[in-house]
file protein.csv (CSV, C-alpha atoms)
chain,number,residue,atom,x,y,z
Q,1335,MET,CA,100.7,-24.3,-65.4
Q,1336,LYS,CA,100.1,-27.4,-63.3
Q,1337,VAL,CA,102.5,-29.4,-65.4
Q,1338,TYR,CA,105.3,-26.9,-64.8
Q,1339,PHE,CA,104.7,-25.9,-61.2
Q,1340,GLY,CA,102.7,-28.7,-59.6
Q,1341,ASP,CA,101.6,-27.8,-56.1
Q,1342,GLY,CA,104.3,-25.1,-55.7
Q,1343,SER,CA,106.1,-26.9,-52.9
Q,1344,ASP,CA,109.4,-26.9,-54.8
Q,1345,LEU,CA,109.3,-23.1,-54.6
Q,1346,GLY,CA,108.2,-23.0,-51.0
Q,1347,MET,CA,104.6,-22.0,-52.1
Q,1348,LYS,CA,101.2,-23.6,-52.3
Q,1349,PHE,CA,99.4,-23.6,-55.7
Q,1350,GLU,CA,95.8,-24.7,-56.3
Q,1351,TYR,CA,94.1,-24.7,-59.7
Q,1352,LYS,CA,90.6,-24.1,-61.1
Q,1353,VAL,CA,89.8,-24.6,-64.8
Q,1354,GLN,CA,87.5,-22.2,-66.7
Q,1355,ASP,CA,85.6,-24.6,-69.0
Q,1356,LYS,CA,84.7,-21.9,-71.5
Q,1357,PRO,CA,85.8,-18.2,-72.1
Q,1358,VAL,CA,83.2,-16.2,-70.3
Q,1359,GLY,CA,85.3,-13.3,-69.2
Q,1360,LEU,CA,88.0,-12.3,-66.7
Q,1361,ALA,CA,85.7,-11.4,-63.9
Q,1362,ASP,CA,84.5,-15.0,-63.9
Q,1363,ALA,CA,87.8,-15.8,-62.1
Q,1364,PHE,CA,86.4,-14.4,-58.9
Q,1365,ARG,CA,83.4,-16.7,-59.1
Q,1366,LEU,CA,85.5,-19.7,-60.0
Q,1367,GLY,CA,88.0,-18.9,-57.2
Q,1368,ALA,CA,85.5,-18.0,-54.5
Q,1369,ASP,CA,86.5,-21.0,-52.4
Q,1370,PHE,CA,90.1,-20.2,-52.7
Q,1371,ILE,CA,89.6,-16.5,-51.9
Q,1372,GLY,CA,87.4,-17.2,-48.8
Q,1373,ASN,CA,87.3,-14.0,-46.7
Q,1374,ASP,CA,90.6,-12.6,-48.0
Q,1375,ASN,CA,91.5,-9.8,-50.4
Q,1376,VAL,CA,92.6,-11.0,-53.8
Q,1377,ALA,CA,94.8,-10.1,-56.8
Q,1378,LEU,CA,94.2,-11.0,-60.4
Q,1379,ILE,CA,97.2,-11.1,-62.9
Q,1380,LEU,CA,96.7,-11.9,-66.6
Q,1381,GLY,CA,99.1,-14.4,-68.0
Q,1382,ASP,CA,99.8,-12.4,-71.2
Q,1383,ASN,CA,101.1,-9.3,-69.3
Q,1384,MET,CA,104.7,-8.6,-68.5
Q,1385,ILE,CA,105.8,-5.7,-66.2
Q,1386,TYR,CA,109.4,-5.0,-65.5
Q,1387,GLY,CA,111.0,-2.4,-63.3
Q,1388,SER,CA,113.5,-2.2,-60.4
Q,1389,ARG,CA,110.8,-1.1,-57.9
Q,1390,ILE,CA,107.9,-3.3,-59.1
Q,1391,GLU,CA,108.0,-5.7,-56.3
Q,1392,ARG,CA,107.8,-2.9,-53.7
Q,1393,VAL,CA,104.9,-1.4,-55.6
Q,1394,LEU,CA,103.0,-4.7,-55.7
Q,1395,LYS,CA,103.6,-5.4,-52.0
Q,1396,GLU,CA,102.2,-2.0,-51.1
Q,1397,ALA,CA,99.2,-2.6,-53.3
Q,1398,SER,CA,98.5,-5.9,-51.6
Q,1399,LYS,CA,98.1,-4.1,-48.3
Q,1400,LEU,CA,94.8,-2.4,-49.4
Q,1401,GLN,CA,92.1,-2.4,-46.8
Q,1402,GLU,CA,89.1,-1.4,-48.9
Q,1403,GLY,CA,88.2,-1.0,-52.5
Q,1404,GLY,CA,90.3,-1.8,-55.5
Q,1405,ILE,CA,93.7,-0.8,-57.0
Q,1406,ILE,CA,94.7,-0.9,-60.6
Q,1407,PHE,CA,97.6,0.6,-62.5
Q,1408,GLY,CA,98.1,3.1,-65.3
Q,1409,TYR,CA,100.8,3.1,-68.0
Q,1410,LYS,CA,101.2,5.8,-70.5
Q,1411,VAL,CA,100.9,4.6,-74.1
Q,1412,ALA,CA,101.1,6.3,-77.5
Q,1413,ASP,CA,97.9,4.8,-78.8
Q,1414,PRO,CA,95.3,4.5,-76.0
Q,1415,THR,CA,92.6,3.4,-78.5
Q,1416,SER,CA,94.0,-0.1,-78.4
Q,1417,TYR,CA,93.6,-0.5,-74.7
Q,1418,GLY,CA,91.4,-0.2,-71.7
Q,1419,VAL,CA,91.9,3.5,-70.6
Q,1420,VAL,CA,91.5,5.1,-67.2
Q,1421,GLU,CA,91.1,8.8,-66.3
Q,1422,ILE,CA,92.2,9.8,-62.8
Q,1423,ASP,CA,92.1,12.9,-60.6
Q,1424,LYS,CA,95.0,14.5,-58.8
Q,1425,ASN,CA,94.7,12.0,-55.9
Q,1426,GLY,CA,94.9,9.0,-58.2
Q,1427,THR,CA,91.2,8.1,-57.9
Q,1428,ALA,CA,89.6,6.7,-61.1
Q,1429,LEU,CA,87.1,9.1,-62.8
Q,1430,SER,CA,86.3,7.1,-65.9
Q,1431,ILE,CA,87.2,3.8,-67.5
Q,1432,GLU,CA,86.7,2.9,-71.2
Q,1433,GLU,CA,87.6,-0.1,-73.2
Q,1434,LYS,CA,89.4,0.8,-76.5
Q,1435,PRO,CA,87.7,4.3,-76.8
Q,1436,GLU,CA,87.7,6.2,-80.0
Q,1437,ASN,CA,88.3,9.4,-78.2
Q,1438,PRO,CA,90.4,8.6,-75.1
Q,1439,LYS,CA,90.1,10.9,-72.0
Q,1440,SER,CA,93.7,10.1,-71.0
Q,1441,ASN,CA,96.7,8.2,-72.3
Q,1442,LEU,CA,96.8,5.8,-69.3
Q,1443,ALA,CA,96.3,2.2,-70.4
Q,1444,VAL,CA,95.3,-0.3,-67.7
Q,1445,PRO,CA,97.8,-3.3,-67.4
Q,1446,GLY,CA,96.4,-6.7,-66.6
Q,1447,ILE,CA,97.0,-6.7,-62.8
Q,1448,TYR,CA,94.4,-5.8,-60.3
Q,1449,PHE,CA,94.0,-5.8,-56.5
Q,1450,TYR,CA,90.6,-5.9,-54.8
Q,1451,ASP,CA,89.0,-6.3,-51.4
Q,1452,ASN,CA,86.8,-9.3,-50.7
Q,1453,GLU,CA,83.7,-7.5,-52.1
Q,1454,VAL,CA,84.9,-8.4,-55.6
Q,1455,VAL,CA,83.4,-11.9,-55.2
Q,1456,LYS,CA,79.9,-10.4,-54.7
Q,1457,ILE,CA,80.4,-7.9,-57.5
Q,1458,ALA,CA,81.5,-10.6,-59.9
Q,1459,ASN,CA,78.3,-12.4,-59.1
Q,1460,THR,CA,76.1,-9.4,-59.8
Q,1461,ILE,CA,77.5,-7.9,-63.0
Q,1462,LYS,CA,75.8,-8.9,-66.3
Q,1463,PRO,CA,77.6,-10.3,-69.4
Q,1464,SER,CA,78.6,-7.8,-72.0
Q,1465,GLU,CA,77.5,-7.8,-75.6
Q,1466,ARG,CA,80.1,-10.4,-76.4
Q,1467,GLY,CA,78.7,-12.6,-73.6
Q,1468,GLU,CA,81.5,-12.1,-71.1
Q,1469,LEU,CA,81.9,-10.9,-67.6
Q,1470,GLU,CA,84.2,-7.9,-68.1
Q,1471,ILE,CA,86.8,-6.8,-65.7
Q,1472,THR,CA,86.1,-3.3,-66.8
Q,1473,ASP,CA,82.6,-3.6,-65.3
Q,1474,VAL,CA,84.1,-4.8,-62.0
Q,1475,ASN,CA,86.3,-1.8,-62.0
Q,1476,ARG,CA,83.4,0.5,-62.8
Q,1477,VAL,CA,81.5,-0.7,-59.8
Q,1478,TYR,CA,84.4,0.2,-57.5
Q,1479,MET,CA,84.9,3.5,-59.4
Q,1480,GLU,CA,81.2,4.6,-59.0
Q,1481,LYS,CA,81.7,4.1,-55.2
Q,1482,GLY,CA,84.8,6.2,-55.3
Q,1483,LYS,CA,86.9,3.2,-54.2
Q,1484,LEU,CA,89.1,2.6,-57.2
Q,1485,LYS,CA,92.6,3.9,-56.9
Q,1486,VAL,CA,95.1,4.0,-59.8
Q,1487,ILE,CA,98.9,3.7,-59.4
Q,1488,PRO,CA,100.6,5.3,-62.4
Q,1489,LEU,CA,103.7,3.4,-63.6
Q,1490,GLY,CA,106.3,5.9,-64.7
Q,1491,ASN,CA,109.3,5.9,-67.0
Q,1492,GLY,CA,111.2,3.4,-64.9
Q,1493,TYR,CA,108.8,0.5,-65.9
Q,1494,ALA,CA,108.3,-1.5,-69.1
Q,1495,TRP,CA,104.9,-3.1,-69.8
Q,1496,PHE,CA,104.2,-5.5,-72.5
Q,1497,ASP,CA,100.8,-6.9,-73.4
Q,1498,THR,CA,101.9,-10.1,-75.2
Q,1499,GLY,CA,98.5,-11.0,-76.6
Q,1500,SER,CA,99.7,-10.8,-80.3
Q,1501,PRO,CA,102.7,-12.3,-82.0
Q,1502,ASP,CA,104.3,-8.9,-82.7
Q,1503,ARG,CA,103.9,-7.9,-79.0
Q,1504,LEU,CA,105.2,-11.2,-77.8
Q,1505,SER,CA,108.2,-10.8,-80.0
Q,1506,ASP,CA,108.8,-7.3,-78.6
Q,1507,ALA,CA,108.7,-8.7,-75.1
Q,1508,ALA,CA,111.1,-11.5,-76.0
Q,1509,ASP,CA,113.6,-9.0,-77.5
Q,1510,PHE,CA,113.4,-6.8,-74.4
Q,1511,VAL,CA,114.0,-9.8,-72.1
Q,1512,LYS,CA,116.9,-11.0,-74.2
Q,1513,ALA,CA,118.6,-7.5,-74.1
Q,1514,ILE,CA,118.2,-7.1,-70.4
Q,1515,GLU,CA,119.4,-10.6,-69.6
Q,1516,LEU,CA,122.5,-10.4,-71.9
Q,1517,ARG,CA,123.5,-6.9,-70.7
Q,1518,GLN,CA,122.9,-7.3,-67.0
Q,1519,GLY,CA,123.6,-11.0,-66.6
Q,1520,VAL,CA,120.3,-11.6,-64.8
Q,1521,GLN,CA,117.3,-13.9,-65.4
Q,1522,ILE,CA,114.0,-12.0,-65.5
Q,1523,ALA,CA,111.2,-13.6,-63.5
Q,1524,CYS,CA,113.4,-16.3,-62.1
Q,1525,LEU,CA,111.0,-18.0,-59.6
Q,1526,GLU,CA,113.7,-20.0,-57.8
Q,1527,GLU,CA,115.7,-16.8,-57.2
Q,1528,TYR,CA,112.7,-15.0,-55.7
Q,1529,ALA,CA,111.8,-17.9,-53.6
Q,1530,TYR,CA,115.4,-18.2,-52.3
Q,1531,LYS,CA,115.8,-14.4,-51.6
Q,1532,ASN,CA,112.5,-14.3,-49.8
Q,1533,LYS,CA,113.6,-17.4,-47.8
Q,1534,TRP,CA,110.8,-19.6,-49.0
Q,1535,ILE,CA,113.4,-22.2,-50.0
Q,1536,SER,CA,116.9,-23.0,-48.6
Q,1537,LYS,CA,120.3,-22.8,-50.2
Q,1538,ASP,CA,120.3,-26.6,-50.6
Q,1539,GLN,CA,117.0,-26.4,-52.4
Q,1540,ILE,CA,118.0,-23.7,-54.9
Q,1541,LEU,CA,121.2,-25.7,-55.5
Q,1542,LYS,CA,119.0,-28.7,-56.3
Q,1543,HIS,CA,117.2,-26.7,-58.9
Q,1544,ALA,CA,120.6,-25.5,-60.3
Q,1545,GLU,CA,121.7,-29.1,-60.6
Q,1546,LYS,CA,118.5,-29.9,-62.6
Q,1547,TYR,CA,119.4,-27.3,-65.2
Q,1548,LYS,CA,123.2,-27.6,-64.8
Q,1549,LYS,CA,123.9,-27.8,-68.6
Q,1550,THR,CA,122.1,-24.5,-69.2
Q,1551,GLU,CA,122.8,-20.8,-68.6
Q,1552,TYR,CA,119.7,-20.9,-66.3
Q,1553,GLY,CA,121.3,-23.5,-64.1
Q,1554,LYS,CA,124.6,-21.7,-63.9
Q,1555,TYR,CA,122.7,-18.5,-62.9
Q,1556,LEU,CA,120.8,-20.3,-60.1
Q,1557,LYS,CA,124.2,-21.6,-58.8
Q,1558,ARG,CA,125.6,-18.0,-58.8
Q,1559,VAL,CA,122.5,-16.8,-56.9
Q,1560,ALA,CA,123.0,-19.5,-54.3
Q,1561,GLU,CA,126.7,-18.5,-53.9
Q,1562,GLU,CA,126.1,-14.8,-53.4
Q,1563,GLU,CA,126.9,-13.3,-50.1
Q,1564,GLU,CA,124.2,-13.7,-47.5
Q,1565,ASP,CA,124.0,-10.0,-46.7
Q,1566,PHE,CA,123.2,-9.3,-50.4
Q,1567,CYS,CA,120.5,-11.8,-50.4
Q,1568,GLU,CA,118.9,-10.2,-47.3
Q,1569,ASN,CA,119.1,-6.7,-48.5
Q,1570,ILE,CA,118.3,-6.8,-52.2
Q,1571,PHE,CA,114.5,-6.4,-51.9
Q,1572,GLU,CA,114.6,-3.7,-49.1

call {"tool": "encode", "arguments": {"input": "protein.csv", "output": "structure tokens"}}
result
Amino acid sequence: MKVYFGDGSDLGMKFEYKVQDKPVGLADAFRLGADFIGNDNVALILGDNMIYGSRIERVLKEASKLQEGGIIFGYKVADPTSYGVVEIDKNGTALSIEEKPENPKSNLAVPGIYFYDNEVVKIANTIKPSERGELEITDVNRVYMEKGKLKVIPLGNGYAWFDTGSPDRLSDAADFVKAIELRQGVQIACLEEYAYKNKWISKDQILKHAEKYKKTEYGKYLKRVAEEEEDFCENIFE
């Protein structure tokens, strides 16, 4: 990540890094990142997850506004036994969470994106390692759930979620991305585009990125983005 993105300044952002020396679980991220988090709320996104949908940015922005507790997501799958599964009530409050259950209580798998209030740092420091010796994110979610403070946002038919943790699933995601990009003429997860349309970088800066990749379709796409009408750039994410 650091090799590709550096300190984030080229994208109008600020990136800092912390290395996990050994695999001791996802919840360890909140202990390692405690200094980064400070007194703020926090989001955790797993690098092997991909979520695509026309309204996903709006959904994530709303989730980031949480005042208390935690927010996770639910995605209907054909085989819940392969995933972490959440059961919810009619108000979207989590009732149970199980990791790869033999007899699932729902068909809602939990994608790898989570939003929490600042209490998560304390929770991560109090949970115990699981049988496999890791601090499990499921145990963090369970603490919030037992307090009645874990909300679940179901992602409906307008979204695609890929857990790319295996070669076959990575291939599925790649095929999906290729099909969308070829048919719609877009670049999925184009960071320079998001930075430009959110006004984190200027037109000159995105054109500089386009020049860097000028011999590729990616560079040509960045140039098209920069040349779009200003009104379109302002309204696309509303």

call {"tool": "atom_distance", "arguments": {"input": "protein.csv", "atom1": "CA of Phe1449 (chain Q)", "atom2": "CA of Leu1345 (chain Q)"}}
result
23.2 Å

call {"tool": "closest_residue", "arguments": {"input": "protein.csv", "among": "Q:Ile1461, Q:Gly1492, Q:Asp1506, Q:Val1559", "to": "Ala1529 (chain Q)", "atoms": "all atoms listed in the file"}}
result
Q:Val1559

call {"tool": "atom_distance", "arguments": {"input": "protein.csv", "atom1": "CA of Ile1431 (chain Q)", "atom2": "CA of Thr1472 (chain Q)"}}
result
7.2 Å

call {"tool": "atom_distance", "arguments": {"input": "protein.csv", "atom1": "CA of Pro1445 (chain Q)", "atom2": "CA of Val1393 (chain Q)"}}
result
13.9 Å

call {"tool": "residues_around", "arguments": {"input": "protein.csv", "residues": "Lys1348 (chain Q)", "least_positions_apart": "3", "cutoff": "12 Å", "atoms": "only C-alpha atoms", "output": "PyMOL selection string"}}
result
chain Q and resi 1336+1339-1345+1351+1370+1534

call {"tool": "write_last_selection", "arguments": {"input": "protein.csv", "atoms": "C-alpha atoms", "output": "short mmCIF file (atom, residue, chain, number, x, y, z; two decimals), keeping the file's coordinate frame"}}
result
data_model
loop_
_atom_site.label_atom_id
_atom_site.label_comp_id
_atom_site.auth_asym_id
_atom_site.auth_seq_id
_atom_site.Cartn_x
_atom_site.Cartn_y
_atom_site.Cartn_z
CA LYS Q 1336 100.10 -27.40 -63.30
CA PHE Q 1339 104.70 -25.90 -61.20
CA GLY Q 1340 102.70 -28.70 -59.60
CA ASP Q 1341 101.60 -27.80 -56.10
CA GLY Q 1342 104.30 -25.10 -55.70
CA SER Q 1343 106.10 -26.90 -52.90
CA ASP Q 1344 109.40 -26.90 -54.80
CA LEU Q 1345 109.30 -23.10 -54.60
CA TYR Q 1351 94.10 -24.70 -59.70
CA PHE Q 1370 90.10 -20.20 -52.70
CA TRP Q 1534 110.80 -19.60 -49.00
#

call {"tool": "residues_around", "arguments": {"input": "protein.csv", "residues": "Asn1383 (chain Q)", "least_positions_apart": "6", "cutoff": "9 Å", "atoms": "all atoms listed in the file", "output": "ChimeraX atom specification"}}
result
/Q:1445-1447,1495-1499

call {"tool": "closest_residue", "arguments": {"input": "protein.csv", "among": "Q:Pro1357, Q:Phe1407, Q:Ser1536, Q:Tyr1547", "to": "Ala1560 (chain Q)", "atoms": "only C-alpha atoms"}}
result
Q:Ser1536

call {"tool": "closest_residue", "arguments": {"input": "protein.csv", "among": "Q:Glu1526, Q:Asp1538, Q:Asp1374, Q:Asp1355", "to": "Tyr1555 (chain Q)", "atoms": "only C-alpha atoms"}}
result
Q:Glu1526

call {"tool": "closest_residue", "arguments": {"input": "protein.csv", "among": "Q:Glu1432, Q:Asp1362, Q:Glu1391, Q:Glu1453", "to": "Gly1404 (chain Q)", "atoms": "only C-alpha atoms"}}
result
Q:Glu1453

call {"tool": "closest_residue", "arguments": {"input": "protein.csv", "among": "Q:Ile1514, Q:Ala1508, Q:Leu1442, Q:Leu1400", "to": "Asp1413 (chain Q)", "atoms": "only C-alpha atoms"}}
result
Q:Leu1442

call {"tool": "residues_around", "arguments": {"input": "protein.csv", "residues": "Gly1372 (chain Q)", "least_positions_apart": "4", "cutoff": "9 Å", "atoms": "all atoms listed in the file", "output": "PyMOL selection string"}}
result
chain Q and resi 1367-1368+1452

call {"tool": "closest_residue", "arguments": {"input": "protein.csv", "among": "Q:Tyr1338, Q:Leu1484, Q:His1543, Q:Pro1435", "to": "Ile1422 (chain Q)", "atoms": "all atoms listed in the file"}}
result
Q:Leu1484

call {"tool": "decode", "arguments": {"input": "protein.csv", "residues": "region 1453-1484 of chain Q", "atoms": "N, CA and C atoms", "output": "mmCIF file, in the first residue's frame"}}
result
data_model
loop_
_atom_site.group_PDB
_atom_site.id
_atom_site.type_symbol
_atom_site.label_atom_id
_atom_site.label_comp_id
_atom_site.auth_asym_id
_atom_site.auth_seq_id
_atom_site.Cartn_x
_atom_site.Cartn_y
_atom_site.Cartn_z
ATOM 1 N N GLU Q 1453 -15.680 3.535 21.297
ATOM 2 C CA GLU Q 1453 -15.654 2.475 22.307
ATOM 3 C C GLU Q 1453 -14.973 1.212 21.796
ATOM 4 N N VAL Q 1454 -14.856 1.090 20.471
ATOM 5 C CA VAL Q 1454 -14.292 -0.124 19.896
ATOM 6 C C VAL Q 1454 -12.838 -0.340 20.316
ATOM 7 N N VAL Q 1455 -12.110 0.729 20.588
ATOM 8 C CA VAL Q 1455 -10.715 0.583 21.021
ATOM 9 C C VAL Q 1455 -10.661 -0.137 22.365
ATOM 10 N N LYS Q 1456 -11.523 0.273 23.274
ATOM 11 C CA LYS Q 1456 -11.578 -0.364 24.592
ATOM 12 C C LYS Q 1456 -12.043 -1.815 24.460
ATOM 13 N N ILE Q 1457 -13.027 -2.053 23.612
ATOM 14 C CA ILE Q 1457 -13.544 -3.405 23.418
ATOM 15 C C ILE Q 1457 -12.458 -4.326 22.865
ATOM 16 N N ALA Q 1458 -11.701 -3.838 21.904
ATOM 17 C CA ALA Q 1458 -10.635 -4.648 21.305
ATOM 18 C C ALA Q 1458 -9.573 -5.022 22.324
ATOM 19 N N ASN Q 1459 -9.410 -4.203 23.333
ATOM 20 C CA ASN Q 1459 -8.417 -4.479 24.366
ATOM 21 C C ASN Q 1459 -8.943 -5.391 25.472
ATOM 22 N N THR Q 1460 -10.230 -5.717 25.438
ATOM 23 C CA THR Q 1460 -10.810 -6.552 26.492
ATOM 24 C C THR Q 1460 -11.227 -7.936 26.012
ATOM 25 N N ILE Q 1461 -11.451 -8.106 24.701
ATOM 26 C CA ILE Q 1461 -11.850 -9.432 24.224
ATOM 27 C C ILE Q 1461 -10.664 -10.394 24.277
ATOM 28 N N LYS Q 1462 -10.974 -11.669 24.386
ATOM 29 C CA LYS Q 1462 -9.954 -12.704 24.488
ATOM 30 C C LYS Q 1462 -9.728 -13.373 23.127
ATOM 31 N N PRO Q 1463 -8.521 -13.867 22.882
ATOM 32 C CA PRO Q 1463 -8.272 -14.580 21.616
ATOM 33 C C PRO Q 1463 -9.167 -15.808 21.490
ATOM 34 N N SER Q 1464 -9.538 -16.123 20.265
ATOM 35 C CA SER Q 1464 -10.362 -17.292 19.992
ATOM 36 C C SER Q 1464 -9.519 -18.556 20.040
ATOM 37 N N GLU Q 1465 -10.142 -19.685 19.719
ATOM 38 C CA GLU Q 1465 -9.430 -20.957 19.740
ATOM 39 C C GLU Q 1465 -8.265 -20.976 18.751
ATOM 40 N N ARG Q 1466 -8.363 -20.194 17.697
ATOM 41 C CA ARG Q 1466 -7.261 -20.147 16.737
ATOM 42 C C ARG Q 1466 -6.241 -19.065 17.081
ATOM 43 N N GLY Q 1467 -6.389 -18.484 18.281
ATOM 44 C CA GLY Q 1467 -5.410 -17.530 18.780
ATOM 45 C C GLY Q 1467 -5.522 -16.132 18.216
ATOM 46 N N GLU Q 1468 -6.720 -15.753 17.702
ATOM 47 C CA GLU Q 1468 -6.891 -14.445 17.095
ATOM 48 C C GLU Q 1468 -7.985 -13.636 17.789
ATOM 49 N N LEU Q 1469 -7.843 -12.316 17.702
ATOM 50 C CA LEU Q 1469 -8.878 -11.408 18.194
ATOM 51 C C LEU Q 1469 -9.901 -11.243 17.074
ATOM 52 N N GLU Q 1470 -11.068 -11.833 17.259
ATOM 53 C CA GLU Q 1470 -12.037 -11.936 16.176
ATOM 54 C C GLU Q 1470 -12.926 -10.697 16.097
ATOM 55 N N ILE Q 1471 -13.184 -10.238 14.875
ATOM 56 C CA ILE Q 1471 -14.088 -9.117 14.684
ATOM 57 C C ILE Q 1471 -15.515 -9.510 15.062
ATOM 58 N N THR Q 1472 -15.827 -10.793 14.938
ATOM 59 C CA THR Q 1472 -17.145 -11.276 15.347
ATOM 60 C C THR Q 1472 -17.367 -11.052 16.835
ATOM 61 N N ASP Q 1473 -16.315 -11.206 17.645
ATOM 62 C CA ASP Q 1473 -16.452 -10.981 19.086
ATOM 63 C C ASP Q 1473 -16.673 -9.499 19.393
ATOM 64 N N VAL Q 1474 -16.036 -8.619 18.621
ATOM 65 C CA VAL Q 1474 -16.294 -7.181 18.777
ATOM 66 C C VAL Q 1474 -17.751 -6.890 18.464
ATOM 67 N N ASN Q 1475 -18.233 -7.426 17.359
ATOM 68 C CA ASN Q 1475 -19.626 -7.212 16.980
ATOM 69 C C ASN Q 1475 -20.584 -7.768 18.029
ATOM 70 N N ARG Q 1476 -20.198 -8.881 18.627
ATOM 71 C CA ARG Q 1476 -21.070 -9.499 19.626
ATOM 72 C C ARG Q 1476 -21.196 -8.617 20.871
ATOM 73 N N VAL Q 1477 -20.128 -7.951 21.251
ATOM 74 C CA VAL Q 1477 -20.196 -7.036 22.399
ATOM 75 C C VAL Q 1477 -21.201 -5.927 22.128
ATOM 76 N N TYR Q 1478 -21.115 -5.323 20.949
ATOM 77 C CA TYR Q 1478 -22.081 -4.278 20.593
ATOM 78 C C TYR Q 1478 -23.501 -4.840 20.528
ATOM 79 N N MET Q 1479 -23.631 -6.036 19.971
ATOM 80 C CA MET Q 1479 -24.949 -6.655 19.831
ATOM 81 C C MET Q 1479 -25.593 -6.898 21.190
ATOM 82 N N GLU Q 1480 -24.807 -7.391 22.141
ATOM 83 C CA GLU Q 1480 -25.351 -7.686 23.466
ATOM 84 C C GLU Q 1480 -25.804 -6.431 24.199
ATOM 85 N N LYS Q 1481 -25.267 -5.284 23.786
ATOM 86 C CA LYS Q 1481 -25.715 -4.007 24.342
ATOM 87 C C LYS Q 1481 -26.881 -3.412 23.554
ATOM 88 N N GLY Q 1482 -27.300 -4.116 22.496
ATOM 89 C CA GLY Q 1482 -28.369 -3.608 21.640
ATOM 90 C C GLY Q 1482 -27.935 -2.441 20.779
ATOM 91 N N LYS Q 1483 -26.635 -2.358 20.506
ATOM 92 C CA LYS Q 1483 -26.098 -1.197 19.790
ATOM 93 C C LYS Q 1483 -25.434 -1.566 18.469
ATOM 94 N N LEU Q 1484 -25.832 -2.681 17.877
ATOM 95 C CA LEU Q 1484 -25.265 -3.077 16.590
ATOM 96 C C LEU Q 1484 -26.365 -3.064 15.533
#
